[in-house]
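Colleague: Take a look at this one; I'll ask things after.
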Amino acid sequence: MANLPRRMAVLSAALVVIAGACTPAASTAPSTGATGAAPTTAATGGASQAPEATAAAELNLPKVPTGYTELDKALGADKPYNGLKVSIQTQWTGGEADGFAAAIKDFQAATGIAVQVDSIGSSHETVLKTRVEGGSPPDMSQIAQPTAVLAYAKEGKLIDVAGFMDPAKLNSEFPTTIGLTTEGSHIWSIPTKADVKSMIWYPVKAFAAKGYTVPKTWDELVTLADKIVADGSHPFCVSAGGPGTATGWELTDWVEEVLLKTEDPQVTNDWVSHKITFQDPKIKAAFDKVGSLLFKQGYVDGGGSQIVNNDLKTVMDPMFDGDTSTPGCWMQKIPVWYGPDFFPDKRTNGGDSKYTIGADGDIGIMPFPTISDQFKGAEGSADSFMVFADRPEVRAFAEFLATPEGLEGWIKSVGVLSPNAKVPAEWYANNYKLSVANQIASGATAIGFDASDLMPPAVGQGSFWTGISDWANNNGSNTDAVLKQIDESWPAQ
Amino acid sequence: MTADAKPMAAARVRTRFWRAPLLNSLPLRLSVLVICLLWTLPTAGLFVTSFRNPQLITKTGWWDAIFNAFAPGQWTLSNYQNVLGGDNMGTAFLNSLIVTIPSTVIPITIAAFAAYAFAWIPFRGRGIIFTIVVALLVVPLQMALIPILKIYSGASLYGTFVGIWLAHTAFGLPLAIFLLYNFMSQLPRDLFESSSIDGASAFQTFIRIVLPLSIPALGAFAIFQFLWVWNDLLVALVFLGVGKDVQVMPTALYNMIGPRGGAWHLLTAGAFLTMIVPLGVFLALQRAFVRGILAGSVK
Amino acid sequence: MALAGVGGQDRKPKAAAYGTSPWVLVASLIGLVIAAFGVMALVDKHGGVNILAWFYDQIGRATDATALRNGGGDQFYAKLILAVVALYVGVGGVWLVFTGASTIVERFPAKLRDTVLPWIFIAPALLLLGIYLVYPAVGTVIRSFQDKQGAFTLDNWTVLTTGPFLEILRNNVLWLFITTAGSVGLGLLVAALFDRIRRESLAKIFVFTPLAISLVGATVIWKFVYAQQPPSQPQFGLLNAIWTAFGNKPIAWATTFPINLPAEMIIMIWLQTGFAMVVLSAAIKGVSVEVLEAARLDGASERQIFFGVIIPLIRGSIITVTTTIAIATLKIFDIVWSMSGGINHDSVVAVRMFQEMFQFFNDGHAAALATILFVAVLPVMFLNLRNFRRQAAM
């Protein structure tokens, strides 16, 4: 309880997930911007010459001194940690694994530290917990839920990163995210990768052909949806299902989004800490607002029970009907990472998608419409790195990942948002979806962290999901009963 | 039934006992056909899908491909090419064999000896020990992983083949002992009495008489243990990890498909490739069943 | 391999076979020493590489050896060597242990021998089970009475009386009775039917095939059966294609309560019938011809023979199969987890246990749920034991 204020879900005031968002490009290191446009060519060019010729600026490496002790040592010319190994377990496979590999490639070459990445996929949480409790943890691990980080910290399994990294530096570089896993003077994880969730994907050309305009407000969204229904199609693609693990999170995201856009951010904070319950009128109002949109006849093809049945991976496929000219559904609220990995052609064939993402491409991204004039919060989330082993080479690697350059290779190859405020905006400039995300975050009055990820897991990944699925299966007719059930499942204390 | 340890008289060999005319009865044939069809239909869908153009898989039903079998672009081998061309599939296949064969043979051997002792050698505490052993069937695997890994971390067995054999062996033992006990306890008593009169020790009786007679039961259990280990993902992930040098087929396949990937075309092809070996084992052990039956009808 | 060898010995003259040669002892000891080296090679992460590199050194191919040690070269062959070692150690080692130990004990005086021998037979099993199952099980029961700080509490148990948990327990009971009865009944039917046809092995393969499919595969298969698309889209799920062909609206079989319960149970029955069939078929074939002929001579009909003669005779096997499937059903996890995640009132004990343990970090709740499974199976085991005793008495 005492720690709660520091772990607030929402940071009021215009703090932003992605930094550099408000800063013009010119204000940061020009060297990376100029030569970094083609990092791979720069890197290979360097490798073909004498190794010493590779300047840090051309590689995805921070400039020494970095402000971190072990990292500076590791990057030294004598490579003190050459030949040592660091193991890290992640959930990332496919594109995300490629991105991470690109991010740490230059670090390995420069320090001689071999990073062994165990990409576990959907069994990640199980394998991680087994390894940690069983006494064979990886040196580091990525995880999505801050609550899991705190659970491991409580069991005494984690190395306090504030013990070897300057807390003040971490706090200033990760203003919005470091607090999520901070307890007093302890910092239990390093924020890794950020996501912006307040966005809607839509088929650009079909919008233009039908004369639809991108809605700016909730009312415009409803008007547009009505128009789409009148034109014989279905406005929304929503899923609350998917094989492997139960996922109701796309629906919970809708509720959390509406709450951030209708109420003071403090309401979200109180909700997460159970100061107000699910049955609170403000929370119920958010549910009702979402229900009034998604469960309206024809708004989602097949109605509420179809939402529960829809698979996250395939739910947007109808948008590509007729090569996006005759979409079967028109709008999906889903985070940055969704496309192009889940576009139907790339999902099934691999390789590159033939559909482009962009303001004048095939699929575009719009900010989630505003509802009130007063509250314009946006929803985001972030993964974290936990450290399980206290060895110098592990420290060096952890410190590297905390630098802006720790994610540079990923940002510039596959594309990802860094939670680090020092990341220059121009790294995102060439990437449409990242720059939209950037713009959404900077335009928000508050950034709310995914509320269900901050609730006790038995609620946030348990009863909230089962409850909202039940709610959708009944087309929102049992709101009171569902909210009551979720409240009853809240663990004691 | 004689007390002879070699009940091989060819005269009593048979594979079925029903009257011959029934073979031709129409309702029987029909019901057999319906059962086979019902059991195969879902799998047939998988099989057909594995050869379909990935784009069409979630557009139309798999039966559509059969009705339009000659439509251009309907069929492809690329799903299989993708799976087989995947990184390290050869090594993963070898690893799967290294993991699976000992993980099948070791528990069968240990369980056969134990089941024999429980069934036919009187000793103190036999009943209670046997009850406990069989009750262990119900211990959920997930609860055992962490304590075992704790032991492994101390004994540097983590990530080794020996470690995963022992784990699979122990997890398979209760069922193996249970099944084999049931079978062996039904062997006729006179077999053992005459053998003991001949002065054979328990070990010799086991090797000469019990084992040969138990081949059908051994074969049956071998199939299930083989399948369980071959298709296991969780135990392999926990005790072997995902390192390229130790990863087994399900891990490799799963990595290729990815946690979010809706790559049903790869899944279907991969599922079929992993099925080939177990089916081969089943066919091979079918013969063992027959031999077991030849060795003498029990009771 | 080992099995075939033993079977072959069966044909040797009795007298010669019963005298155990001392060479057996020597041979198994040598074999064990080799196996011990094999274990060392296997526990070492680079065992295969080291062996092959050593071999290359011996035949003077130093460059190849170095390449191997540096992680290049003939890695695949190193793996192959490791596979051979693994098979020798894993398959041969355990036989050598039993043979060696038994040969030693056989040299003891008869009385001592008969006391020691059963323990030698069960010792390896008890050792492994003790470490891998008893120790974790005891720990689990203890943990179910502890809170997160390790103090005694009953909270883990009282929480089980709340709504969602009662629903889970109800589902498990439904699973237990329906799928067990379904699989055993169908397995018996299939075993009896197939026994009468000419291409029995072929027909058996059809029913057996589901067992050979990995869980990942089985999940995909049934997703293609239960898949549901919005009414406006073509249905690529088999069941909905048939269902909508009759003018009905498509149904989300896997996610709509209560239809999702039978939908998931059918998958289990589909999988387990093959198991029941294999065991029961072997049992039916074990019924001696004389008994059947005698029944026929008495004028019994085929149906009377089946229910009056065969079923009582194979009762032991039926109980075995029922117990096995019942226990597998009690622990049912994969099907529910992958079809719907237990999100639509269809969760079961093992799914919830998994969530409590790995997602919710409530190890105490997980332990209590696991203990429930353990307690639930005791009556089943008790029935089994009574059956064994009765058989032993016969």
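In the structure tokens, the first chain shown is A, the next is B, and so on; residue numbers restart at 1 for each chain, and ligands run from 1 in the order shown.
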I need the contact residues of chain A against chain B, so if you could list those with any atom within 7 Å, counting only C-alpha atoms, and return them as a list in words, that would help.
Modeller: Thr93, Gly94, Asp118, Gly121, Ser122, Val127, Thr130, Glu133, Gly134, Gly135, Ser136, Lys313, Arg347 and Thr348 of chain A
Colleague: How would the residues just picked look written out with C-alpha atoms as an mmCIF file, in the first residue's frame?
Modeller:
```
data_model
loop_
_atom_site.group_PDB
_atom_site.id
_atom_site.type_symbol
_atom_site.label_atom_id
_atom_site.label_comp_id
_atom_site.auth_asym_id
_atom_site.auth_seq_id
_atom_site.Cartn_x
_atom_site.Cartn_y
_atom_site.Cartn_z
ATOM 1 C CA THR A 93 9.973 -15.027 -31.398
ATOM 2 C CA GLY A 94 9.654 -14.118 -35.053
ATOM 3 C CA ASP A 118 16.452 -18.210 -25.151
ATOM 4 C CA GLY A 121 7.431 -18.049 -26.907
ATOM 5 C CA SER A 122 4.144 -18.593 -25.162
ATOM 6 C CA VAL A 127 9.578 -21.830 -17.996
ATOM 7 C CA THR A 130 10.288 -22.909 -13.042
ATOM 8 C CA GLU A 133 12.310 -21.144 -8.393
ATOM 9 C CA GLY A 134 14.301 -24.195 -9.402
ATOM 10 C CA GLY A 135 17.559 -22.341 -8.959
ATOM 11 C CA SER A 136 18.664 -22.253 -12.600
ATOM 12 C CA LYS A 313 -4.383 -13.178 -35.256
ATOM 13 C CA ARG A 347 1.259 -14.090 -41.320
ATOM 14 C CA THR A 348 0.838 -17.044 -43.639
#
```
Colleague: Can you tell me, as a PDB file with N, CA and C atoms, in the first residue's frame, what residues are no more than 6 Å from region 182-186 of chain C when counting only C-alpha atoms, ignoring any on the same chain fewer than 4 positions away?
Modeller:
```pdb
ATOM      1  N   ILE C 178     -18.199 -38.213 -17.780  1.00  0.00           N
ATOM      2  CA  ILE C 178     -18.596 -38.317 -19.184  1.00  0.00           C
ATOM      3  C   ILE C 178     -17.459 -38.844 -20.055  1.00  0.00           C
ATOM      4  N   VAL C 190     -15.317 -50.663 -30.008  1.00  0.00           N
ATOM      5  CA  VAL C 190     -14.443 -50.711 -31.169  1.00  0.00           C
ATOM      6  C   VAL C 190     -13.565 -51.967 -31.137  1.00  0.00           C
ATOM      7  N   ILE C 269     -12.360 -37.745 -25.667  1.00  0.00           N
ATOM      8  CA  ILE C 269     -12.854 -39.088 -26.003  1.00  0.00           C
ATOM      9  C   ILE C 269     -12.221 -39.558 -27.305  1.00  0.00           C
ATOM     10  N   GLN C 272      -8.736 -40.650 -26.358  1.00  0.00           N
ATOM     11  CA  GLN C 272      -8.541 -41.756 -25.420  1.00  0.00           C
ATOM     12  C   GLN C 272      -9.145 -43.075 -25.886  1.00  0.00           C
ATOM     13  N   THR C 273     -10.094 -43.016 -26.812  1.00  0.00           N
ATOM     14  CA  THR C 273     -10.695 -44.265 -27.269  1.00  0.00           C
ATOM     15  C   THR C 273      -9.636 -45.198 -27.841  1.00  0.00           C
ATOM     16  N   ALA C 276      -7.978 -47.028 -24.995  1.00  0.00           N
ATOM     17  CA  ALA C 276      -8.846 -48.083 -24.459  1.00  0.00           C
ATOM     18  C   ALA C 276      -8.899 -49.247 -25.436  1.00  0.00           C
TER      19      ALA C 276
END
```
Colleague: Taking only C-alpha atoms into account, what are the residues of chain A at most 9 Å from chain C, put as a ChimeraX atom specification?
Modeller: /A:125-130,148,151,241-248,301-303,305-306,308-310,456-459,461-463,465-467,469-470,473,485,489
Colleague: Using only C-alpha atoms, find the one residue out of C:Thr99, C:Asn171, C:Gln58, C:Gln146 that sits nearest to chain B.
Modeller: C:Thr99
Colleague: What is the distance, in Å and to one decimal place, between CA of Glu256 (chain A) and CA of Ile307 (chain A)?
Modeller: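 Pair CA of Glu256 (chain A) / CA of Ile307 (chain A) returns 17.4 Å.
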